[in-house]
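*Asks:* Sharing a structure with you now.
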Amino acid sequence: MTEAPSCPVTFPTARRHLFDPPGEVLQWQRQGALHRMTFADGHLGWLLTGHSAARAVLADNRFSNRTELTHPPVPHPLARQENRQLPPGFFLRMDQPEHTRFRRLLTGQFTVRRMRQLEPRIEEITSDRLDAMERGDRPADLVQSFALPIPSLVICELLGVPYGDRAQFQRDSAALLNLDSSAEQMSAALVDLMAYMRDLVLRKRAEPADDLLGGLVAGGELDDEELAGVALLLLIAGHETTANMLALGTFALLRDPAQLALLRDDPEVADNAVEELLRYLTIIHMGPVRTALEDVELDGRLIRAGESVAFSLPAANRDPERFDDPDTLDVTRPATGHLSFGHGIHQCLGQQLARAEMRIAYPALLRRFPGLRLAVPAEEVPMRSHMTIYGVHRLPVTW
Ligand code: HEM
C-alpha cells in the first residue's frame, strides 16, 4: 500500500503513459480525495482527486472561479496578478450572478435539439475533409487534415467567424494555451484576438447576420467589449478542445484495434464510445481551480476561506469508486457521469456540440479508411504535455 503524501504535493503533470493520468495522482487518490498542495506561486491549497468530492465542489457556490482569487496549479506565464486581466464577457471566470447574465443568453443556442439540427452540416464538413485526405498525400497529419478543421469550421459557421481568418486565430489561440509561451507572447495573442473580435462585432453591427454572434449583437443586451469577450471564449473553447479529442481519441483507438473495430462496425456503439473516450482521455488535465469564499468542510478536512483547490479531472475520471475497472478503455460501457465537461454552473456550454462532432467524425474516419494506422512508432508521436489541453501536436497516419 502506498503511503499518503505527508508533505504538500505539487500538481502532477507527467502522464504515466500516453493516455493515463500521472501515476502518483492515482496512488494518492487511493489514500483520499484531498491532499495539501503547493501551487506554482507558493500558495498552500489543495489537490482534489476523488470523483464525488470533485462533483460536490464544482457544484458548490461557496467556491469561486474568479481569476483574481484563484492560484495557478502549474507555472503559468500570466500568473502575475497584473497580467491576469481577462476581457469582459469571459464568463468562464465569473461567479453568479454575473455568470448567469451571460450564460442565459447562450444556453438556448447549444441545446441537444439545436445540435441535432446541425448534424447534417457536420456530416457534410466531415465528408469533405475525408475526400480531401483521400486526394492528398500519405502519410497525412490527422491533426491538420481532420481533427482541427472539423470543429474549427463548425464553430466558425455557428458563431459567424470567417473561416478564411483561421490562420490568425488558430495561431493566437495555440499561443494562448501553450505554457511554454512567454508572458509577452501570451499577452500579445490575447490582444490580437480581442482586436480581431472587436472588429468582427463592428462588422456584424454594420451588416446584421443570421449567426450566433449576429444574434447576440442584435439582442442588444451586451456591449461591444462583452460581445468580443464572449466570442473569444466560444471560439477558443469551441475548436481546441474537440480537435484534441478527435486526434487523441483516434490515437487511442489505433493502439487498441479491438475497441476500434467495435466503434467502426457497430453504429449503436458511437454514443457510449464518445463518453468513454472523454472519460478515459480527460484532455482538460491542469485544472479547473476554485477558491473557497468561506471555510468549508470536505472529506473530513477543513478548506479555509481563500484557499484554492486544484482538480485532477483525469484522476477523478479514473476513480474506482465511480467507474469499474477505470483504467480499461471499454467503448461499450455507459461512461456517463464523467467530469470531462466539468460540473455545476460552468459545466461545458458546448458539450452537445462536441458530442455531435465526435459521434459523427470518429466512425466516418474509421469507415472511410479501414486500414488507418500510425505512420510512425507510437513513442514518436509528439504529445501536448505542456499545454492546458492535452492531446497530440501531430498524428502522422497512413492507410
Ligand atoms: C471535447 C470537447 C470539450 C471539452 C473536453 C470541454 C471541457 C470543458 C470543461 C471541463 C469546462 C468547465 C471548466 C471549469 O469548470 O472551469 C468547459 C466549459 C466551457 N466550454 Fe467546453 N469543452 C469542450 C468543447 C467545447 C465546445 C465545442 C464549446 C463551444 C462552444 C465549448 C465551450 C465552453 C464554454 C463557453 C465553457 C464555459 C462555460 C461556463 O463558464 O458557463 N466547449 N468545457
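Here, A, B, ... name the chains of the C-alpha cells in the order displayed, residue numbers run from 1 inside each chain, and ligands are numbered from 1 in the same displayed order.
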May I ask you to write as an NGL selection string all residues lying at most 6 Å from ligand 1, with only C-alpha atoms and all ligand atoms counted?

*Replies:* :A and (91-92 or 103 or 233-234 or 237-238 or 241-242 or 245 or 283-284 or 288 or 340-342 or 345-351 or 353-354)

*Asks:* Go ahead and write the residues just picked, N, CA, C and O atoms, as a compact mmCIF listing (two decimals), in the first residue's frame.

*Replies:*
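As written to disk, part-v7.txt reads:
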```txt
# COMPACT_ATOMS: atom_id res chain seq x y z
N PHE A 91 -17.02 34.70 -19.49
CA PHE A 91 -17.85 34.33 -18.33
C PHE A 91 -17.41 33.05 -17.63
O PHE A 91 -17.88 32.75 -16.54
N LEU A 92 -16.50 32.30 -18.26
CA LEU A 92 -15.96 31.11 -17.59
C LEU A 92 -15.35 31.49 -16.24
O LEU A 92 -15.40 30.71 -15.29
N ARG A 103 -24.55 33.43 -19.42
CA ARG A 103 -24.87 32.03 -19.73
C ARG A 103 -26.30 31.90 -20.25
O ARG A 103 -26.56 31.16 -21.19
N LEU A 233 -14.15 33.56 -26.07
CA LEU A 233 -14.26 32.34 -25.25
C LEU A 233 -14.82 31.19 -26.10
O LEU A 233 -14.31 30.08 -26.09
N LEU A 234 -15.88 31.47 -26.85
CA LEU A 234 -16.52 30.41 -27.63
C LEU A 234 -15.59 29.90 -28.73
O LEU A 234 -15.51 28.70 -28.99
N ALA A 237 -12.67 27.87 -26.95
CA ALA A 237 -13.18 26.64 -26.35
C ALA A 237 -13.75 25.71 -27.42
O ALA A 237 -13.73 24.50 -27.28
N GLY A 238 -14.27 26.30 -28.48
CA GLY A 238 -15.00 25.51 -29.47
C GLY A 238 -14.16 24.74 -30.45
O GLY A 238 -14.64 23.80 -31.06
N THR A 241 -10.56 22.22 -28.01
CA THR A 241 -10.94 21.08 -27.19
C THR A 241 -11.34 19.87 -28.04
O THR A 241 -10.73 18.81 -27.96
N THR A 242 -12.33 20.06 -28.89
CA THR A 242 -12.82 18.92 -29.69
C THR A 242 -11.73 18.43 -30.63
O THR A 242 -11.61 17.23 -30.88
N MET A 245 -9.64 16.10 -28.74
CA MET A 245 -10.34 14.82 -28.50
C MET A 245 -10.33 13.97 -29.77
O MET A 245 -10.14 12.75 -29.71
N ILE A 283 -8.96 15.34 -21.48
CA ILE A 283 -7.97 16.26 -22.04
C ILE A 283 -7.78 17.53 -21.22
O ILE A 283 -6.77 18.20 -21.33
N ILE A 284 -8.76 17.93 -20.40
CA ILE A 284 -8.56 19.09 -19.51
C ILE A 284 -7.81 18.54 -18.30
O ILE A 284 -8.41 17.95 -17.40
N PRO A 288 -9.84 22.20 -13.57
CA PRO A 288 -10.04 23.58 -13.11
C PRO A 288 -9.51 23.82 -11.69
O PRO A 288 -9.03 22.90 -11.03
N SER A 340 -15.40 15.15 -17.53
CA SER A 340 -14.59 15.78 -18.59
C SER A 340 -15.16 17.10 -19.06
O SER A 340 -14.43 17.94 -19.60
N PHE A 341 -16.47 17.30 -18.90
CA PHE A 341 -17.06 18.59 -19.25
C PHE A 341 -17.27 19.44 -17.99
O PHE A 341 -18.00 20.44 -18.03
N GLY A 342 -16.66 19.07 -16.88
CA GLY A 342 -16.85 19.79 -15.64
C GLY A 342 -18.22 19.47 -15.05
O GLY A 342 -18.86 18.47 -15.42
N ILE A 345 -22.27 25.17 -12.37
CA ILE A 345 -22.70 26.28 -13.24
C ILE A 345 -21.79 26.46 -14.45
O ILE A 345 -22.22 26.99 -15.47
N HIS A 346 -20.54 26.04 -14.36
CA HIS A 346 -19.64 26.22 -15.50
C HIS A 346 -19.57 24.98 -16.38
O HIS A 346 -18.72 24.91 -17.27
N GLN A 347 -20.44 23.99 -16.13
CA GLN A 347 -20.36 22.79 -16.96
C GLN A 347 -20.41 23.18 -18.43
O GLN A 347 -21.17 24.07 -18.82
N CYS A 348 -19.58 22.52 -19.21
CA CYS A 348 -19.32 22.93 -20.59
C CYS A 348 -20.58 23.31 -21.36
O CYS A 348 -21.49 22.50 -21.53
N LEU A 349 -20.59 24.53 -21.85
CA LEU A 349 -21.71 25.02 -22.65
C LEU A 349 -21.80 24.28 -23.99
O LEU A 349 -22.88 24.08 -24.52
N GLY A 350 -20.63 23.91 -24.53
CA GLY A 350 -20.60 23.32 -25.88
C GLY A 350 -20.60 21.82 -25.89
O GLY A 350 -20.31 21.20 -26.92
N GLN A 351 -20.97 21.19 -24.77
CA GLN A 351 -20.82 19.72 -24.71
C GLN A 351 -21.65 18.98 -25.75
O GLN A 351 -21.20 17.98 -26.31
N LEU A 353 -22.47 20.07 -28.67
CA LEU A 353 -21.81 20.27 -29.96
C LEU A 353 -20.61 19.33 -30.08
O LEU A 353 -20.42 18.65 -31.10
N ALA A 354 -19.79 19.28 -29.03
CA ALA A 354 -18.61 18.41 -29.05
C ALA A 354 -19.03 16.96 -29.25
O ALA A 354 -18.43 16.22 -30.04
```

*Asks:* Run DSSP on the backbone and grab whatever in stretch 282-360 of chain A lands in strand (DSSP E or B); send it over as a PyMOL selection string.

*Replies:* chain A and resi 284+287+289-292+296-298+301-303+308-312

*Asks:* Skip A:Arg279 itself and residues of its chain fewer than 3 positions away, then list as a VMD selection string all residues within 7 Å of it, counting only C-alpha atoms.

*Replies:* chain A and resid 275 to 276 282 317 335 338 340

*Asks:* Using only C-alpha atoms, can you tell me which of A:Gln117, A:Asn178, A:Gln185, A:Ser152 comes closest to A:Ile236?

*Replies:*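 Among the listed residues, A:Ser152 lies closest to A:Ile236.
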
*Asks:* With a distance cut-off of 8 Å and only C-alpha atoms, select the neighbouring residues of stretch 157-164 of chain A, excluding the residue or stretch itself and same-chain residues fewer than 3 positions from it, and output the selection as JSON, numbers by chain.

*Replies:* {"A": [152, 153, 154, 167, 200, 209, 211, 212, 213, 214, 231, 235]}

*Asks:* Excluding stretch 246-249 of chain A and any residue of its chain fewer than 5 positions from it, enumerate the residues within 9 Å of it, using only C-alpha atoms, and give them as a PDB file with C-alpha atoms, in the first residue's frame.

*Replies:*
```pdb
ATOM      1  CA  PHE A  19      -3.343   8.071 -22.171  1.00  0.00           C
ATOM      2  CA  LEU A 142      -4.501  13.807 -38.860  1.00  0.00           C
ATOM      3  CA  VAL A 143      -4.490  16.970 -36.733  1.00  0.00           C
ATOM      4  CA  PHE A 146      -9.072  16.234 -39.987  1.00  0.00           C
ATOM      5  CA  ALA A 147      -9.121  16.843 -36.228  1.00  0.00           C
ATOM      6  CA  LEU A 148      -8.605  20.605 -36.244  1.00  0.00           C
ATOM      7  CA  THR A 241     -10.940  21.082 -27.186  1.00  0.00           C
ATOM      8  CA  LEU A 254      -5.361   2.878 -33.207  1.00  0.00           C
ATOM      9  CA  VAL A 274     -17.728   9.111 -27.217  1.00  0.00           C
ATOM     10  CA  LEU A 277     -13.146   8.317 -24.786  1.00  0.00           C
ATOM     11  CA  LEU A 278     -13.958  11.578 -22.985  1.00  0.00           C
ATOM     12  CA  LEU A 281      -8.550  10.533 -22.024  1.00  0.00           C
ATOM     13  CA  ILE A 283      -7.966  16.257 -22.041  1.00  0.00           C
ATOM     14  CA  GLU A 357     -18.904  16.277 -33.765  1.00  0.00           C
ATOM     15  CA  MET A 358     -17.241  13.235 -32.210  1.00  0.00           C
ATOM     16  CA  ALA A 361     -16.346  12.169 -37.069  1.00  0.00           C
ATOM     17  CA  TYR A 362     -14.803   9.057 -35.426  1.00  0.00           C
ATOM     18  CA  TYR A 390      -3.852  17.541 -23.565  1.00  0.00           C
ATOM     19  CA  GLY A 391      -3.622  15.796 -26.918  1.00  0.00           C
ATOM     20  CA  VAL A 392      -1.125  15.385 -29.738  1.00  0.00           C
ATOM     21  CA  HIS A 393       0.690  18.113 -31.661  1.00  0.00           C
ATOM     22  CA  ARG A 394       0.701  15.921 -34.756  1.00  0.00           C
ATOM     23  CA  LEU A 395      -0.598  12.455 -35.593  1.00  0.00           C
TER      24      LEU A 395
END
```

*Asks:* For the atom pair atom CA of A:Pro377 and atom CA of A:Arg255, what is the interatomic distance in Å to one decimal place?

*Replies:*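 Value for the atom CA of A:Pro377-atom CA of A:Arg255 distance: 10.7 Å.
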
*Asks:* At what distance in Å, to one decimal, does atom CA of A:Asp299 lie from atom CA of A:Ala56?

*Replies:*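 Going from atom CA of A:Ala56 over to atom CA of A:Asp299 covers 10.5 Å.
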
*Asks:* Rank nothing, just name the residue among A:Glu321, A:Asp265, A:Glu225, A:Glu307 nearest to A:Pro87, using only C-alpha atoms.

*Replies:*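 Nearest to A:Pro87: A:Glu225.
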
*Asks:* I'd like the contact shell of A:Arg113 - 12 Å cut-off, only C-alpha atoms, skipping same-chain residues fewer than 4 positions apart - returned as number ranges by chain.

*Replies:* A: 107-109, 117-119, 352-353, 356
